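Asker: What follows is model.tsv, TSV, C-alpha atoms (C1' of nucleotides).
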chain	number	residue	atom	x	y	z
A	1	MET	CA	27.18	2.55	25.70
A	2	ASP	CA	27.70	-0.65	23.78
A	3	ASN	CA	31.25	-1.03	25.02
A	4	TYR	CA	30.58	-4.64	25.80
A	5	ARG	CA	30.04	-5.60	22.17
A	6	GLY	CA	32.70	-7.67	20.49
A	7	GLN	CA	33.45	-9.38	23.78
A	8	LEU	CA	30.38	-11.54	23.84
A	9	ASP	CA	31.85	-14.42	21.84
A	10	PRO	CA	34.20	-15.64	24.57
A	11	VAL	CA	31.58	-15.11	27.28
A	12	PHE	CA	28.91	-17.13	25.52
A	13	HIS	CA	31.46	-19.73	24.58
A	14	ALA	CA	32.57	-20.00	28.19
A	15	LEU	CA	28.99	-20.48	29.33
A	16	ALA	CA	28.24	-23.14	26.73
A	17	ASP	CA	29.67	-25.82	28.98
A	18	PRO	CA	27.96	-27.31	32.03
A	19	THR	CA	31.18	-27.53	34.05
A	20	ARG	CA	31.89	-23.87	33.52
A	21	ARG	CA	28.33	-22.80	34.23
A	22	ALA	CA	28.50	-24.78	37.46
A	23	VAL	CA	31.66	-22.90	38.40
A	24	VAL	CA	29.97	-19.57	37.74
A	25	GLN	CA	27.00	-20.72	39.78
A	26	GLN	CA	29.30	-21.70	42.63
A	27	LEU	CA	31.24	-18.46	42.51
A	28	ALA	CA	28.03	-16.46	42.58
A	29	ARG	CA	27.69	-17.85	46.09
A	30	GLY	CA	31.18	-16.78	47.11
A	31	GLU	CA	34.88	-16.98	46.34
A	32	ALA	CA	36.63	-20.33	46.24
A	33	THR	CA	39.97	-21.94	45.48
A	34	VAL	CA	40.59	-23.89	42.30
A	35	SER	CA	40.75	-27.25	44.01
A	36	HIS	CA	37.61	-26.52	46.01
A	37	LEU	CA	35.80	-25.66	42.81
A	38	ALA	CA	37.19	-28.73	41.11
A	39	LYS	CA	36.08	-31.23	43.74
A	40	PRO	CA	32.55	-31.91	42.46
A	41	HIS	CA	33.74	-32.44	38.89
A	42	ALA	CA	34.94	-35.89	37.85
A	43	MET	CA	37.87	-34.66	35.85
A	44	ALA	CA	41.66	-34.44	36.08
A	45	LEU	CA	42.90	-31.18	37.58
A	46	PRO	CA	44.67	-29.95	34.43
A	47	SER	CA	41.41	-30.41	32.51
A	48	PHE	CA	39.55	-28.46	35.11
A	49	MET	CA	42.16	-25.73	35.13
A	50	LYS	CA	41.51	-25.17	31.45
A	51	HIS	CA	37.90	-24.46	32.24
A	52	VAL	CA	38.95	-21.90	34.80
A	53	ALA	CA	41.30	-20.37	32.25
A	54	VAL	CA	38.48	-20.13	29.70
A	55	LEU	CA	36.30	-18.36	32.27
A	56	GLU	CA	39.14	-16.06	33.16
A	57	GLN	CA	39.93	-15.14	29.57
A	58	ALA	CA	36.28	-14.42	29.00
A	59	GLY	CA	36.52	-12.00	31.91
A	60	LEU	CA	33.88	-13.84	33.89
A	61	VAL	CA	36.27	-14.88	36.63
A	62	VAL	CA	39.21	-13.15	38.27
A	63	THR	CA	41.86	-15.14	40.07
A	64	ARG	CA	44.70	-14.30	42.40
A	65	LYS	CA	47.36	-16.53	43.78
A	66	SER	CA	48.24	-16.55	47.42
A	67	GLY	CA	50.97	-18.99	48.34
A	68	ARG	CA	50.34	-22.19	46.45
A	69	VAL	CA	46.59	-21.62	46.35
A	70	ARG	CA	44.68	-19.84	43.62
A	71	HIS	CA	41.50	-18.06	44.66
A	72	CYS	CA	38.71	-17.33	42.20
A	73	ARG	CA	35.92	-14.80	42.28
A	74	LEU	CA	33.14	-13.97	39.88
A	75	ASN	CA	33.23	-10.79	37.82
A	76	ALA	CA	29.54	-10.02	37.92
A	77	GLU	CA	29.88	-7.09	35.53
A	78	ARG	CA	30.71	-9.39	32.66
A	79	LEU	CA	27.73	-11.53	33.47
A	80	ALA	CA	25.55	-8.43	33.56
A	81	ALA	CA	26.84	-7.27	30.17
A	82	CYS	CA	25.80	-10.58	28.75
A	83	GLU	CA	22.40	-10.42	30.36
A	84	ALA	CA	22.01	-6.97	28.83
A	85	TRP	CA	22.28	-8.48	25.37
A	86	PHE	CA	19.22	-10.59	26.09
A	87	ALA	CA	17.35	-7.58	27.37
A	88	ASP	CA	18.15	-5.79	24.09
A	89	GLN	CA	16.75	-8.62	22.02
A	90	ARG	CA	13.70	-8.88	24.19
A	91	LEU	CA	13.00	-5.18	23.77
A	92	ALA	CA	13.27	-5.43	19.99
A	93	TRP	CA	10.99	-8.45	20.01
A	94	GLN	CA	8.46	-6.79	22.23
A	95	SER	CA	8.38	-3.53	20.31
A	96	ARG	CA	7.66	-5.60	17.23
A	97	PHE	CA	4.60	-6.98	18.96
A	98	ASP	CA	3.59	-3.53	20.07
A	99	GLN	CA	3.62	-2.43	16.43
A	100	LEU	CA	1.58	-5.44	15.43
A	101	ASP	CA	-0.78	-4.66	18.22
A	102	SER	CA	-1.42	-1.11	17.17
A	103	LEU	CA	-1.78	-2.26	13.57
A	104	LEU	CA	-4.52	-4.65	14.62
A	105	THR	CA	-6.18	-1.94	16.67
A	106	GLU	CA	-6.16	0.35	13.64
A	107	LEU	CA	-7.64	-2.34	11.43
A	108	GLN	CA	-10.40	-2.99	13.93
A	109	ALA	CA	-11.12	0.72	14.15
A	110	GLY	CA	-11.19	1.06	10.37
A	111	GLU	CA	-13.46	-1.93	9.76
A	112	PRO	CA	-16.08	-1.93	12.46
A	113	THR	CA	-18.63	-3.74	10.21
B	114	MET	CA	10.04	-25.06	37.03
B	115	ASP	CA	13.58	-25.55	35.87
B	116	ASN	CA	12.49	-27.43	32.76
B	117	TYR	CA	14.90	-25.40	30.72
B	118	ARG	CA	17.95	-26.87	32.44
B	119	GLY	CA	20.07	-29.27	30.47
B	120	GLN	CA	19.16	-27.45	27.28
B	121	LEU	CA	21.35	-24.48	27.90
B	122	ASP	CA	24.48	-25.93	26.32
B	123	PRO	CA	23.24	-25.75	22.73
B	124	VAL	CA	21.67	-22.35	23.28
B	125	PHE	CA	24.83	-20.77	24.66
B	126	HIS	CA	26.88	-22.51	22.02
B	127	ALA	CA	24.60	-21.15	19.32
B	128	LEU	CA	24.95	-17.63	20.67
B	129	ALA	CA	28.75	-17.84	20.92
B	130	ASP	CA	29.09	-16.81	17.29
B	131	PRO	CA	28.65	-13.29	15.93
B	132	THR	CA	26.93	-14.47	12.76
B	133	ARG	CA	24.34	-16.37	14.73
B	134	ARG	CA	23.80	-13.57	17.22
B	135	ALA	CA	23.26	-11.22	14.28
B	136	VAL	CA	20.62	-13.60	12.94
B	137	VAL	CA	18.85	-13.66	16.28
B	138	GLN	CA	19.05	-9.90	16.42
B	139	GLN	CA	17.56	-9.65	12.95
B	140	LEU	CA	14.78	-12.12	13.70
B	141	ALA	CA	13.87	-10.22	16.85
B	142	ARG	CA	12.79	-7.50	14.45
B	143	GLY	CA	10.65	-9.83	12.37
B	144	GLU	CA	10.54	-13.02	10.34
B	145	ALA	CA	12.77	-13.42	7.31
B	146	THR	CA	13.79	-15.92	4.66
B	147	VAL	CA	17.13	-17.70	4.78
B	148	SER	CA	18.59	-15.84	1.82
B	149	HIS	CA	17.43	-12.51	3.18
B	150	LEU	CA	19.12	-13.30	6.47
B	151	ALA	CA	22.23	-14.47	4.66
B	152	LYS	CA	22.70	-11.36	2.53
B	153	PRO	CA	24.74	-9.27	5.01
B	154	HIS	CA	27.12	-12.12	5.79
B	155	ALA	CA	30.16	-12.65	3.55
B	156	MET	CA	29.88	-16.39	3.48
B	157	ALA	CA	28.81	-19.16	1.11
B	158	LEU	CA	25.16	-20.16	1.49
B	159	PRO	CA	25.84	-23.69	2.71
B	160	SER	CA	28.04	-22.27	5.44
B	161	PHE	CA	25.31	-19.88	6.43
B	162	MET	CA	22.70	-22.64	6.38
B	163	LYS	CA	24.72	-24.46	9.00
B	164	HIS	CA	24.40	-21.48	11.29
B	165	VAL	CA	20.65	-21.50	10.81
B	166	ALA	CA	20.62	-25.23	11.54
B	167	VAL	CA	22.58	-24.67	14.76
B	168	LEU	CA	20.08	-22.02	15.85
B	169	GLU	CA	17.20	-24.29	14.96
B	170	GLN	CA	18.61	-27.27	16.84
B	171	ALA	CA	19.13	-25.06	19.85
B	172	GLY	CA	15.45	-24.22	19.63
B	173	LEU	CA	16.13	-20.54	19.17
B	174	VAL	CA	14.73	-20.41	15.67
B	175	VAL	CA	11.81	-22.15	14.00
B	176	THR	CA	11.63	-22.50	10.23
B	177	ARG	CA	8.97	-23.49	7.75
B	178	LYS	CA	9.27	-24.02	4.04
B	179	SER	CA	6.82	-22.51	1.64
B	180	GLY	CA	7.54	-23.29	-2.00
B	181	ARG	CA	11.25	-23.02	-2.51
B	182	VAL	CA	11.64	-20.45	0.25
B	183	ARG	CA	12.39	-21.15	3.91
B	184	HIS	CA	11.05	-18.67	6.43
B	185	CYS	CA	12.61	-18.25	9.86
B	186	ARG	CA	11.21	-16.84	13.04
B	187	LEU	CA	12.63	-16.40	16.50
B	188	ASN	CA	11.50	-18.58	19.36
B	189	ALA	CA	11.58	-15.97	22.08
B	190	GLU	CA	10.79	-18.48	24.81
B	191	ARG	CA	14.18	-20.14	24.41
B	192	LEU	CA	15.86	-16.78	24.61
B	193	ALA	CA	13.89	-15.98	27.75
B	194	ALA	CA	14.87	-19.29	29.37
B	195	CYS	CA	18.48	-18.38	28.80
B	196	GLU	CA	18.01	-14.91	30.19
B	197	ALA	CA	16.45	-16.52	33.26
B	198	TRP	CA	19.69	-18.33	33.97
B	199	PHE	CA	21.44	-14.97	34.29
B	200	ALA	CA	18.74	-13.68	36.56
B	201	ASP	CA	19.28	-16.73	38.79
B	202	GLN	CA	22.99	-16.07	39.07
B	203	ARG	CA	22.45	-12.41	39.70
B	204	LEU	CA	20.05	-13.20	42.52
B	205	ALA	CA	22.55	-15.54	44.17
B	206	TRP	CA	25.27	-12.94	43.78
B	207	GLN	CA	23.12	-10.18	45.20
B	208	SER	CA	21.89	-12.19	48.15
B	209	ARG	CA	25.51	-12.85	48.95
B	210	PHE	CA	26.10	-9.12	49.15
B	211	ASP	CA	22.98	-8.68	51.24
B	212	GLN	CA	24.42	-11.14	53.73
B	213	LEU	CA	27.74	-9.32	53.74
B	214	ASP	CA	25.87	-6.09	54.16
B	215	SER	CA	23.98	-7.20	57.23
B	216	LEU	CA	27.16	-8.69	58.65
B	217	LEU	CA	28.86	-5.32	58.34
B	218	THR	CA	25.87	-3.60	59.86
B	219	GLU	CA	26.00	-5.99	62.79
B	220	LEU	CA	29.70	-5.39	63.26
B	221	GLN	CA	29.23	-1.66	63.21
B	222	ALA	CA	26.41	-1.94	65.73
B	223	GLY	CA	28.49	-4.21	67.96
B	224	GLU	CA	31.66	-2.11	67.86
B	225	PRO	CA	30.76	1.57	68.17
B	226	THR	CA	34.14	2.05	69.87
C	227	DA	C1'	64.88	-31.64	55.44
C	228	DA	C1'	61.18	-34.72	53.72
C	229	DA	C1'	56.65	-35.34	52.36
C	230	DA	C1'	52.32	-33.76	51.13
C	231	DT	C1'	49.59	-30.23	48.77
C	232	DA	C1'	48.16	-27.27	45.08
C	233	DC	C1'	48.74	-26.19	41.13
C	234	DT	C1'	51.45	-25.94	36.29
C	235	DT	C1'	53.50	-27.35	31.97
C	236	DA	C1'	54.05	-30.34	28.16
C	237	DG	C1'	52.31	-33.08	24.94
C	238	DG	C1'	49.04	-36.25	22.91
C	239	DT	C1'	44.24	-38.05	21.27
C	240	DC	C1'	39.73	-37.60	19.38
C	241	DA	C1'	35.58	-35.25	18.17
C	242	DA	C1'	33.27	-31.22	16.85
C	243	DT	C1'	33.12	-26.58	14.37
C	244	DA	C1'	33.46	-23.33	10.70
C	245	DG	C1'	34.44	-22.66	6.49
C	246	DC	C1'	34.86	-23.99	1.41
C	247	DT	C1'	33.45	-25.92	-3.56
C	248	DA	C1'	30.83	-28.64	-6.64
C	249	DA	C1'	26.93	-30.70	-7.95
C	250	DC	C1'	21.88	-31.60	-7.24
C	251	DT	C1'	16.66	-30.73	-6.40
C	252	DA	C1'	12.66	-28.27	-6.43
C	253	DT	C1'	9.93	-24.26	-7.41
C	254	DA	C1'	8.62	-19.77	-9.96
C	255	DG	C1'	8.47	-16.93	-13.84
C	256	DG	C1'	8.64	-15.98	-18.71
D	257	DC	C1'	9.71	-25.87	-21.84
D	258	DC	C1'	13.61	-23.14	-20.21
D	259	DT	C1'	15.98	-20.44	-17.02
D	260	DA	C1'	16.74	-18.30	-12.88
D	261	DT	C1'	16.12	-18.67	-7.95
D	262	DA	C1'	16.38	-20.76	-3.33
D	263	DG	C1'	17.83	-24.10	-0.95
D	264	DT	C1'	20.10	-28.79	-0.17
D	265	DT	C1'	23.54	-32.57	-0.09
D	266	DA	C1'	28.08	-34.36	-0.17
D	267	DG	C1'	32.55	-34.26	0.89
D	268	DC	C1'	36.98	-31.93	2.06
D	269	DT	C1'	40.22	-29.04	5.22
D	270	DA	C1'	41.91	-26.50	9.03
D	271	DT	C1'	41.25	-25.13	13.66
D	272	DT	C1'	39.59	-25.45	18.17
D	273	DG	C1'	37.87	-27.85	22.22
D	274	DA	C1'	37.76	-31.18	25.88
D	275	DC	C1'	39.80	-34.59	27.76
D	276	DC	C1'	43.90	-37.45	29.41
D	277	DT	C1'	48.71	-38.82	31.61
D	278	DA	C1'	53.22	-37.81	33.13
D	279	DA	C1'	56.33	-35.00	35.04
D	280	DG	C1'	57.69	-30.41	37.08
D	281	DT	C1'	57.46	-26.24	40.48
D	282	DA	C1'	56.37	-23.83	44.45
D	283	DT	C1'	54.52	-23.86	49.29
D	284	DT	C1'	53.12	-25.55	53.37
D	285	DT	C1'	53.29	-29.03	57.00
D	286	DT	C1'	55.57	-32.36	59.84
The structure in this file should be written as structure tokens.

Answerer:
Amino acid sequence: MDNYRGQLDPVFHALADPTRRAVVQQLARGEATVSHLAKPHAMALPSFMKHVAVLEQAGLVVTRKSGRVRHCRLNAERLAACEAWFADQRLAWQSRFDQLDSLLTELQAGEPT
Amino acid sequence: MDNYRGQLDPVFHALADPTRRAVVQQLARGEATVSHLAKPHAMALPSFMKHVAVLEQAGLVVTRKSGRVRHCRLNAERLAACEAWFADQRLAWQSRFDQLDSLLTELQAGEPT
DNA sequence: AAAATACTTAGGTCAATAGCTAACTATAGG
DNA sequence: CCTATAGTTAGCTATTGACCTAAGTATTTT
């Protein structure tokens, strides 16, 4: 069930950069080649390629080369695994409030003065 | 609406570390003091304090000092803002599949052989 | 075949991160 | 008042990260 644990470090790290988040955002709208993805970013190609490599090593992006062109697509599963972590925390947080809630209800019931 | 944008870098960066994610996870279950949070981590206190500072600067954690003790609590809003980013991407990704889906449906309708 | 395109590799700089120890400050408890 | 506790500050080191330029490879395109 928690197979995804231990792989979150590289995913969060990959997403902690605006260039890389923009790439993910772009790829969520469809596949693209490296140079197409790179165009909006004011950066030398080798620098940009490193960002793609970081995303790929995090498992967020899958690439394949066809001729001299490299195509990239998003691996949505990885993104979902990461989102699941947030859901976990939110549940813990909320159940804490639920407990607090019932505690308050009990106190009110016990001290109706 | 997208007030949270531009603040995601430090949040993702903060979460790209297992120690800090463990702290968030712990705080989701309730407030705690710095030394209580530090106990499970095999690390010198000053090192651990830096992690807390990173979380605090990312806005994920709020601290207050009472006497010689510093109490920490989670700022769930920041966590939620981050989770919202994933939801955004997922929506874009899904709507892309919806489009593909209706395209396929159209093709099937148009070519019943 | 020559030239343009789309990466790739190599190597270098500079700043930021994660960790440490040692020494200090400010409470709390006895 | 003295000691233990809880955190803080300062300063050092090693690694990683984000860029760059220059030069190389592999594929089209002309």

Asker: Could you write out as a list in words the residues of chain B within 7 Å of chain A, counting all atoms listed in the file?

Answerer: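 Interface list for chain B against chain A: Asp122, Pro123, Phe125, His126, Leu128, Ala129, Asp130, Pro131, Gln138, Ala141, Arg142, Glu196, Phe199, Gln202, Ala205, Trp206 and Arg209 of chain B.
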
Asker: Write out as a short mmCIF file (atom, residue, chain, number, x, y, z; two decimals) with C-alpha atoms (C1' of nucleotides), keeping the file's coordinate frame which residues come within 12 Å of range 281-286 of chain D when counting only C-alpha atoms (C1' of nucleotides), dropping same-chain ones fewer than 3 positions away.

Answerer:
data_model
loop_
_atom_site.label_atom_id
_atom_site.label_comp_id
_atom_site.auth_asym_id
_atom_site.auth_seq_id
_atom_site.Cartn_x
_atom_site.Cartn_y
_atom_site.Cartn_z
CA LYS A 65 47.36 -16.53 43.78
CA SER A 66 48.24 -16.55 47.42
CA GLY A 67 50.97 -18.99 48.34
CA ARG A 68 50.34 -22.19 46.45
CA VAL A 69 46.59 -21.62 46.35
"C1'" DA C 227 64.88 -31.64 55.44
"C1'" DA C 228 61.18 -34.72 53.72
"C1'" DA C 229 56.65 -35.34 52.36
"C1'" DA C 230 52.32 -33.76 51.13
"C1'" DT C 231 49.59 -30.23 48.77
"C1'" DA C 232 48.16 -27.27 45.08
"C1'" DC C 233 48.74 -26.19 41.13
"C1'" DT C 234 51.45 -25.94 36.29
"C1'" DT C 235 53.50 -27.35 31.97
#

Asker: Let me make sure I understand: among A:Leu107, A:Cys72, A:Val62, A:Ala22, which one has the smallest atom-to-atom distance to Val34 in chain A if we use all atoms listed in the file?

Answerer: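 Answer, going by the shortest atom-to-atom distance: A:Cys72.
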
Asker: Smallest atom-to-atom distance to chain D: which of B:Val136, B:Ala155, B:Leu150, B:Met162, using all atoms listed in the file?

Answerer: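 Between B:Val136, B:Ala155, B:Leu150, B:Met162, the residue approaching chain D most closely is B:Met162.
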
Asker: What are the nearest atom pairs, with distances in Å to one decimal, for all residues of chain D that come at most 10 Å from chain B, using all atoms listed in the file, set out by chain and rising residue number as CSV?

Answerer:
residue,atom,partner,partner_atom,distance
D:DT261,C1',B:Arg181,CA,8.5
D:DA262,C1',B:Arg181,CA,5.7
D:DG263,C1',B:Arg181,CA,6.8
D:DT264,C1',B:Pro159,CA,8.2
D:DT265,C1',B:Pro159,CA,9.6

Asker: If you measure from CA of Leu173 in chain B to CA of His149 in chain B, what distance in Å do you get, rounded to one decimal?

Answerer: 17.9 Å

Asker: Of the residues B:Lys163, B:Ala145, B:Ala171, B:Pro153, which is the one nearest to DA244 in chain C, using all atoms listed in the file?

Answerer: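 Between B:Lys163, B:Ala145, B:Ala171, B:Pro153, the residue approaching DA244 in chain C most closely is B:Lys163.
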
Asker: Distance cut-off 10 Å, counting all atoms listed in the file - which residues of chain C neighbour chain B? Return them as a list of chain:residue names.

Answerer: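 Those within range of chain B come out as C:DA244, C:DG245, C:DC246, C:DT247, C:DA252, C:DT253, C:DA254.
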
Asker: Kindly list the centre and edge lengths in Å, rounded to one decimal, for the axis-aligned box that covers all listed atoms of range 261-274 of chain D plus 4 Å on each of its six sides, as JSON.

Answerer:
{"center_x": 29.0, "center_y": -26.5, "center_z": 9.0, "size_x": 33.8, "size_y": 23.7, "size_z": 41.8}

Asker: Just the number, please: distance in Å from CA of Leu103 in chain A to CA of Arg191 in chain B, one decimal.

Answerer: 26.3 Å

Asker: At most 12 Å from (54.5, -29.1, 25.7), file frame, only C-alpha atoms (C1' of nucleotides): which residues, as a list in words?

Answerer: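 Taken together, the residues in range are DT234, DT235, DA236, DG237 and DG238 of chain C; DA278, DA279 and DG280 of chain D.
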
Asker: Store the residues picked out above, limited to C-alpha atoms (C1' of nucleotides), as a compact mmCIF listing (two decimals), keeping the file's coordinate frame.

Answerer:
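That gives us out-v9.txt:
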# COMPACT_ATOMS: atom_id res chain seq x y z
C1' DT C 234 51.45 -25.94 36.29
C1' DT C 235 53.50 -27.35 31.97
C1' DA C 236 54.05 -30.34 28.16
C1' DG C 237 52.31 -33.08 24.94
C1' DG C 238 49.04 -36.25 22.91
C1' DA D 278 53.22 -37.81 33.13
C1' DA D 279 56.33 -35.00 35.04
C1' DG D 280 57.69 -30.41 37.08

Asker: So the first atom is CA of Glu144 in chain B and the second is CA of Thr105 in chain A; what is the distance between them in Å, to one decimal place?

Answerer: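 Going from CA of Glu144 in chain B over to CA of Thr105 in chain A covers 21.0 Å.
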
Asker: Is it possible to dump range 126-146 of chain B as a tab-separated table (two decimals), in the first residue's frame, including just N, CA, C and O atoms?

Answerer:
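Done, and the output landed in out-v4.tsv:
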chain	number	residue	atom	x	y	z
B	126	HIS	N	10.53	22.56	-1.58
B	126	HIS	CA	11.90	22.33	-1.10
B	126	HIS	C	11.88	21.79	0.34
B	126	HIS	O	12.60	20.84	0.66
B	127	ALA	N	11.05	22.40	1.16
B	127	ALA	CA	10.97	21.96	2.56
B	127	ALA	C	10.54	20.50	2.64
B	127	ALA	O	11.04	19.75	3.49
B	128	LEU	N	9.66	20.10	1.77
B	128	LEU	CA	9.12	18.74	1.84
B	128	LEU	C	10.02	17.70	1.17
B	128	LEU	O	9.76	16.50	1.26
B	129	ALA	N	11.07	18.17	0.50
B	129	ALA	CA	11.97	17.26	-0.21
B	129	ALA	C	13.02	16.67	0.72
B	129	ALA	O	14.14	16.38	0.30
B	130	ASP	N	12.67	16.50	1.97
B	130	ASP	CA	13.62	15.97	2.94
B	130	ASP	C	12.84	15.10	3.92
B	130	ASP	O	11.83	15.55	4.47
B	131	PRO	N	13.30	13.87	4.12
B	131	PRO	CA	12.53	12.93	4.94
B	131	PRO	C	12.37	13.40	6.38
B	131	PRO	O	11.33	13.17	7.00
B	132	THR	N	13.41	14.04	6.91
B	132	THR	CA	13.30	14.55	8.29
B	132	THR	C	12.16	15.56	8.38
B	132	THR	O	11.31	15.48	9.26
B	133	ARG	N	12.14	16.47	7.41
B	133	ARG	CA	11.12	17.52	7.48
B	133	ARG	C	9.73	16.97	7.20
B	133	ARG	O	8.75	17.40	7.82
B	134	ARG	N	9.63	15.99	6.29
B	134	ARG	CA	8.30	15.40	6.08
B	134	ARG	C	7.83	14.69	7.34
B	134	ARG	O	6.66	14.75	7.70
B	135	ALA	N	8.78	14.04	8.04
B	135	ALA	CA	8.40	13.36	9.29
B	135	ALA	C	7.90	14.37	10.31
B	135	ALA	O	6.95	14.10	11.05
B	136	VAL	N	8.49	15.54	10.34
B	136	VAL	CA	8.05	16.58	11.28
B	136	VAL	C	6.63	17.02	10.93
B	136	VAL	O	5.77	17.13	11.80
B	137	VAL	N	6.39	17.24	9.65
B	137	VAL	CA	5.05	17.62	9.22
B	137	VAL	C	4.04	16.54	9.63
B	137	VAL	O	2.97	16.83	10.18
B	138	GLN	N	4.44	15.32	9.36
B	138	GLN	CA	3.58	14.18	9.67
B	138	GLN	C	3.26	14.13	11.17
B	138	GLN	O	2.13	13.89	11.57
B	139	GLN	N	4.28	14.40	11.97
B	139	GLN	CA	4.09	14.40	13.42
B	139	GLN	C	3.16	15.54	13.84
B	139	GLN	O	2.23	15.36	14.63
B	140	LEU	N	3.41	16.70	13.26
B	140	LEU	CA	2.62	17.89	13.65
B	140	LEU	C	1.17	17.78	13.18
B	140	LEU	O	0.29	18.42	13.75
B	141	ALA	N	0.94	16.98	12.14
B	141	ALA	CA	-0.44	16.78	11.70
B	141	ALA	C	-1.23	16.08	12.80
B	141	ALA	O	-2.46	16.17	12.84
B	142	ARG	N	-0.50	15.39	13.67
B	142	ARG	CA	-1.17	14.68	14.77
B	142	ARG	C	-1.21	15.49	16.04
B	142	ARG	O	-1.69	15.01	17.07
B	143	GLY	N	-0.71	16.72	15.99
B	143	GLY	CA	-0.80	17.58	17.16
B	143	GLY	C	0.45	18.42	17.38
B	143	GLY	O	1.52	18.09	16.87
B	144	GLU	N	0.31	19.49	18.12
B	144	GLU	CA	1.45	20.36	18.41
B	144	GLU	C	2.52	19.62	19.19
B	144	GLU	O	2.25	18.60	19.81
B	145	ALA	N	3.74	20.16	19.14
B	145	ALA	CA	4.84	19.55	19.88
B	145	ALA	C	5.95	20.56	20.06
B	145	ALA	O	6.04	21.54	19.32
B	146	THR	N	6.82	20.30	21.03
B	146	THR	CA	7.97	21.17	21.25
B	146	THR	C	9.10	20.72	20.32
B	146	THR	O	9.08	19.60	19.81
